[in-house]
Amino acid sequence: MSEKVHGMNALEQFLTLAKSTRGAAAASLVMQVIEWPTIYVFGELLEKPTIRELATGDYAAHFRLLELFAYGTYKQWKANPSLFPPLSDAALRKMKHLSLVSLAGASKSIEYNFLLEELDLANVRELEDLVIEGVYAGLLRGQLDQRRQRLEIEFASARDVRSEQIPFLIETLEKWCSGCQSLLSRLEGELRESEARRQNQLENSRRLNEEMNAIRRSLRSKGSDPDLTCAENGEYMGEKRKTARGKSLRGSKIGK
């Protein structure tokens, strides 16, 4: 969290500088931003008029580079590096971090071999180091499954979104909200049914108790204690069994 806060504070400073910076100075500011270790969002800077002026001037490559860091991936840079200004090792490392975020946002489980190819990494150790750096920067959360050679994603931060993608995002969110509403309606219906069953059980229990109490009152009105009647009947039956057993023994021979 502190890395994100630090990054936002740094970005605010660059946004302030961008208001009065043009030409070569604006291009230099772009290079500083993309190399700044805690800044991973660039959409606001792209919207600054002084930065947008770079798109059609002598520093169009710098504007393309800023767009690449906002929306693109390392693989796109590698396909046409000549379209952009030379990048430092720090900038290339950040581009790989951003590319990892894009991949993590597209899939919850990613094979190591795929990541090694997409991010142009030599071995698993380099990949694990890159992932750990991303985790510490707050870009993603996940688990490195060395046994299955997969990266399991729990969370991936959002990247910048192009303006033409906003309607699609709105539609996606509306569908998600509609799905949530449908699920909530079903849960509320099940809750009502469960409450109705509970009330029915309580009513059945109440009626049973009333019937039992009515039987007890009826027995008492006839001069019998319903609880004692059951006990006396048990004792009477016990006496009958003892008497029958005694007669049987007296009628039989004991010994030879």
# chains A, B, ... in the order shown; residues from 1 in each chain; ligands from 1
call {"tool": "select_by_dssp", "arguments": {"residues": "range 9-181 of chain A", "states": "strand (DSSP E or B)", "output": "list in words"}}
result
Ser109, Ile110, Glu111, Leu140, Arg141, Gly142, Gln143, Leu144, Asp145, Arg150, Leu151, Glu152, Ile153, Glu154, Phe155 and Ala156 of chain A
call {"tool": "closest_atom_pairs", "arguments": {"of": "range 19-136 of chain A", "to": "range 150-169 of chain A", "cutoff": "7 Å", "atoms": "only C-alpha atoms", "output": "JSON lines"}}
result
{"residue": "A:Val41", "atom": "CA", "partner": "A:Asp160", "partner_atom": "CA", "distance": 6.1}
{"residue": "A:Phe42", "atom": "CA", "partner": "A:Asp160", "partner_atom": "CA", "distance": 6.8}
{"residue": "A:Gly43", "atom": "CA", "partner": "A:Asp160", "partner_atom": "CA", "distance": 5.7}
{"residue": "A:Ala70", "atom": "CA", "partner": "A:Asp160", "partner_atom": "CA", "distance": 5.5}
{"residue": "A:Tyr71", "atom": "CA", "partner": "A:Asp160", "partner_atom": "CA", "distance": 6.1}
{"residue": "A:Val101", "atom": "CA", "partner": "A:Ala156", "partner_atom": "CA", "distance": 6.0}
{"residue": "A:Ala104", "atom": "CA", "partner": "A:Ala156", "partner_atom": "CA", "distance": 5.9}
{"residue": "A:Gly105", "atom": "CA", "partner": "A:Ala156", "partner_atom": "CA", "distance": 5.6}
{"residue": "A:Lys108", "atom": "CA", "partner": "A:Ile153", "partner_atom": "CA", "distance": 4.7}
{"residue": "A:Ser109", "atom": "CA", "partner": "A:Glu152", "partner_atom": "CA", "distance": 4.6}
{"residue": "A:Ile110", "atom": "CA", "partner": "A:Leu151", "partner_atom": "CA", "distance": 5.2}
{"residue": "A:Glu111", "atom": "CA", "partner": "A:Arg150", "partner_atom": "CA", "distance": 4.3}
{"residue": "A:Tyr112", "atom": "CA", "partner": "A:Arg150", "partner_atom": "CA", "distance": 5.3}
call {"tool": "write_last_selection", "arguments": {"atoms": "all heavy atoms", "output": "CSV table (one decimal), in the first residue's frame"}}
result
chain,number,residue,atom,x,y,z
A,41,VAL,N,0.6,3.8,-13.6
A,41,VAL,CA,-0.5,4.3,-14.4
A,41,VAL,C,-0.2,5.6,-15.1
A,41,VAL,O,0.5,6.4,-14.5
A,41,VAL,CB,-1.8,4.5,-13.5
A,41,VAL,CG1,-2.3,3.1,-13.0
A,41,VAL,CG2,-1.4,5.4,-12.3
A,42,PHE,N,-0.6,5.7,-16.3
A,42,PHE,CA,-0.1,6.8,-17.1
A,42,PHE,C,-1.3,7.5,-17.9
A,42,PHE,O,-1.0,8.5,-18.6
A,42,PHE,CB,0.9,6.3,-18.2
A,42,PHE,CG,1.9,5.4,-17.6
A,42,PHE,CD1,1.8,4.0,-17.5
A,42,PHE,CD2,3.1,6.0,-17.0
A,42,PHE,CE1,2.7,3.2,-16.9
A,42,PHE,CE2,4.1,5.2,-16.5
A,42,PHE,CZ,3.9,3.8,-16.4
A,43,GLY,N,-2.5,7.1,-17.7
A,43,GLY,CA,-3.6,7.7,-18.4
A,43,GLY,C,-3.8,9.2,-18.2
A,43,GLY,O,-4.1,9.9,-19.1
A,70,ALA,N,1.1,2.6,-21.0
A,70,ALA,CA,-0.2,2.7,-20.5
A,70,ALA,C,-1.1,1.5,-20.9
A,70,ALA,O,-1.8,0.9,-20.0
A,70,ALA,CB,-0.9,4.0,-21.0
A,71,TYR,N,-1.0,1.1,-22.1
A,71,TYR,CA,-1.9,0.0,-22.7
A,71,TYR,C,-1.2,-1.2,-23.2
A,71,TYR,O,-1.9,-2.2,-23.4
A,71,TYR,CB,-2.7,0.6,-23.8
A,71,TYR,CG,-3.3,2.0,-23.5
A,71,TYR,CD1,-3.0,3.1,-24.3
A,71,TYR,CD2,-4.2,2.2,-22.5
A,71,TYR,CE1,-3.5,4.3,-24.1
A,71,TYR,CE2,-4.7,3.5,-22.2
A,71,TYR,CZ,-4.4,4.5,-23.0
A,71,TYR,OH,-4.9,5.8,-22.8
A,101,VAL,N,1.0,-8.0,-15.3
A,101,VAL,CA,-0.3,-7.6,-14.8
A,101,VAL,C,-1.4,-7.9,-15.8
A,101,VAL,O,-2.5,-8.4,-15.5
A,101,VAL,CB,-0.3,-6.1,-14.4
A,101,VAL,CG1,-1.7,-5.6,-14.1
A,101,VAL,CG2,0.6,-5.9,-13.2
A,104,ALA,N,-2.0,-11.6,-16.0
A,104,ALA,CA,-2.7,-12.0,-14.7
A,104,ALA,C,-4.1,-11.6,-14.7
A,104,ALA,O,-5.0,-12.3,-14.2
A,104,ALA,CB,-2.0,-11.4,-13.5
A,105,GLY,N,-4.5,-10.5,-15.4
A,105,GLY,CA,-5.8,-10.0,-15.5
A,105,GLY,C,-6.7,-10.9,-16.4
A,105,GLY,O,-7.9,-10.9,-16.3
A,108,LYS,N,-6.5,-16.7,-14.5
A,108,LYS,CA,-6.3,-17.0,-13.1
A,108,LYS,C,-5.2,-18.0,-12.9
A,108,LYS,O,-4.7,-18.2,-11.7
A,108,LYS,CB,-7.5,-17.4,-12.4
A,108,LYS,CG,-8.6,-16.3,-12.3
A,108,LYS,CD,-8.1,-15.1,-11.5
A,108,LYS,CE,-9.2,-14.1,-11.4
A,108,LYS,NZ,-8.7,-12.9,-10.7
A,109,SER,N,-4.8,-18.7,-13.9
A,109,SER,CA,-3.8,-19.8,-13.8
A,109,SER,C,-2.9,-19.7,-15.1
A,109,SER,O,-3.4,-19.9,-16.2
A,109,SER,CB,-4.4,-21.1,-13.6
A,109,SER,OG,-3.4,-22.1,-13.4
A,110,ILE,N,-1.6,-19.5,-15.0
A,110,ILE,CA,-0.8,-19.3,-16.1
A,110,ILE,C,0.5,-20.2,-16.0
A,110,ILE,O,1.2,-20.2,-15.0
A,110,ILE,CB,-0.3,-17.8,-16.2
A,110,ILE,CG1,-1.4,-16.8,-16.0
A,110,ILE,CG2,0.3,-17.6,-17.6
A,110,ILE,CD1,-1.0,-15.4,-15.9
A,111,GLU,N,0.7,-20.9,-17.1
A,111,GLU,CA,1.9,-21.8,-17.1
A,111,GLU,C,3.2,-21.1,-17.1
A,111,GLU,O,3.3,-20.0,-17.8
A,111,GLU,CB,1.8,-22.8,-18.3
A,111,GLU,CG,0.6,-23.8,-18.2
A,111,GLU,CD,0.6,-24.7,-19.3
A,111,GLU,OE1,1.5,-24.7,-20.2
A,111,GLU,OE2,-0.3,-25.6,-19.4
A,112,TYR,N,4.2,-21.6,-16.5
A,112,TYR,CA,5.5,-21.0,-16.4
A,112,TYR,C,6.1,-20.8,-17.9
A,112,TYR,O,6.6,-19.7,-18.2
A,112,TYR,CB,6.5,-21.8,-15.6
A,112,TYR,CG,6.4,-21.6,-14.1
A,112,TYR,CD1,5.4,-20.9,-13.6
A,112,TYR,CD2,7.4,-22.2,-13.3
A,112,TYR,CE1,5.3,-20.7,-12.2
A,112,TYR,CE2,7.3,-22.0,-11.9
A,112,TYR,CZ,6.3,-21.2,-11.4
A,112,TYR,OH,6.2,-21.1,-10.0
call {"tool": "residues_around", "arguments": {"residues": "Arg22 in chain A", "least_positions_apart": "4", "cutoff": "12 Å", "atoms": "only C-alpha atoms", "output": "PDB file with N, CA and C atoms, in the first residue's frame"}}
result
ATOM      1  N   LEU A  17       3.995  19.289 -13.273  1.00  0.00           N
ATOM      2  CA  LEU A  17       5.053  19.741 -14.174  1.00  0.00           C
ATOM      3  C   LEU A  17       4.592  19.730 -15.627  1.00  0.00           C
ATOM      4  N   ALA A  18       3.749  18.735 -15.976  1.00  0.00           N
ATOM      5  CA  ALA A  18       3.314  18.592 -17.364  1.00  0.00           C
ATOM      6  C   ALA A  18       2.463  19.759 -17.839  1.00  0.00           C
ATOM      7  N   ALA A  26       9.006  18.087 -22.298  1.00  0.00           N
ATOM      8  CA  ALA A  26       7.898  17.152 -22.104  1.00  0.00           C
ATOM      9  C   ALA A  26       8.331  15.731 -22.421  1.00  0.00           C
ATOM     10  N   ALA A  27       9.142  15.571 -23.479  1.00  0.00           N
ATOM     11  CA  ALA A  27       9.651  14.243 -23.827  1.00  0.00           C
ATOM     12  C   ALA A  27      10.538  13.700 -22.717  1.00  0.00           C
ATOM     13  N   SER A  28      11.355  14.571 -22.146  1.00  0.00           N
ATOM     14  CA  SER A  28      12.203  14.158 -21.022  1.00  0.00           C
ATOM     15  C   SER A  28      11.367  13.764 -19.818  1.00  0.00           C
ATOM     16  N   LEU A  29      10.289  14.498 -19.583  1.00  0.00           N
ATOM     17  CA  LEU A  29       9.392  14.169 -18.473  1.00  0.00           C
ATOM     18  C   LEU A  29       8.766  12.786 -18.676  1.00  0.00           C
ATOM     19  N   VAL A  30       8.415  12.470 -19.921  1.00  0.00           N
ATOM     20  CA  VAL A  30       7.858  11.148 -20.221  1.00  0.00           C
ATOM     21  C   VAL A  30       8.847  10.056 -19.838  1.00  0.00           C
ATOM     22  N   LYS A  48      -2.972  15.105 -20.655  1.00  0.00           N
ATOM     23  CA  LYS A  48      -2.495  16.485 -20.559  1.00  0.00           C
ATOM     24  C   LYS A  48      -2.240  17.061 -21.956  1.00  0.00           C
ATOM     25  N   PRO A  49      -2.746  18.246 -22.253  1.00  0.00           N
ATOM     26  CA  PRO A  49      -2.581  18.843 -23.594  1.00  0.00           C
ATOM     27  C   PRO A  49      -1.119  18.951 -24.018  1.00  0.00           C
ATOM     28  N   THR A  50      -0.248  19.301 -23.108  1.00  0.00           N
ATOM     29  CA  THR A  50       1.164  19.465 -23.467  1.00  0.00           C
ATOM     30  C   THR A  50       1.811  18.129 -23.826  1.00  0.00           C
ATOM     31  N   ILE A  51       1.314  17.069 -23.266  1.00  0.00           N
ATOM     32  CA  ILE A  51       1.841  15.742 -23.585  1.00  0.00           C
ATOM     33  C   ILE A  51       1.242  15.244 -24.902  1.00  0.00           C
ATOM     34  N   ARG A  52      -0.034  15.533 -25.125  1.00  0.00           N
ATOM     35  CA  ARG A  52      -0.679  15.108 -26.367  1.00  0.00           C
ATOM     36  C   ARG A  52      -0.065  15.811 -27.579  1.00  0.00           C
ATOM     37  N   GLU A  53       0.497  16.989 -27.358  1.00  0.00           N
ATOM     38  CA  GLU A  53       1.161  17.692 -28.458  1.00  0.00           C
ATOM     39  C   GLU A  53       2.338  16.901 -29.019  1.00  0.00           C
ATOM     40  N   LEU A  54       2.906  16.032 -28.207  1.00  0.00           N
ATOM     41  CA  LEU A  54       4.059  15.245 -28.650  1.00  0.00           C
ATOM     42  C   LEU A  54       3.678  14.260 -29.757  1.00  0.00           C
ATOM     43  N   ALA A  55       2.402  13.890 -29.836  1.00  0.00           N
ATOM     44  CA  ALA A  55       1.967  12.846 -30.774  1.00  0.00           C
ATOM     45  C   ALA A  55       2.220  13.220 -32.226  1.00  0.00           C
ATOM     46  N   GLY A  57       4.533  15.786 -33.250  1.00  0.00           N
ATOM     47  CA  GLY A  57       5.763  16.567 -33.408  1.00  0.00           C
ATOM     48  C   GLY A  57       6.995  15.691 -33.557  1.00  0.00           C
ATOM     49  N   ASP A  58       8.123  16.286 -33.256  1.00  0.00           N
ATOM     50  CA  ASP A  58       9.397  15.583 -33.361  1.00  0.00           C
ATOM     51  C   ASP A  58       9.560  14.491 -32.308  1.00  0.00           C
ATOM     52  N   TYR A  59       8.690  14.517 -31.321  1.00  0.00           N
ATOM     53  CA  TYR A  59       8.820  13.554 -30.228  1.00  0.00           C
ATOM     54  C   TYR A  59       7.648  12.568 -30.203  1.00  0.00           C
TER      55      TYR A  59
END
call {"tool": "residues_around", "arguments": {"residues": "Phe114 in chain A", "least_positions_apart": "5", "cutoff": "12 Å", "atoms": "only C-alpha atoms", "output": "MDAnalysis selection string"}}
result
chainID A and resid 100 103:104 107 109 119:121 123:124 127 149:151
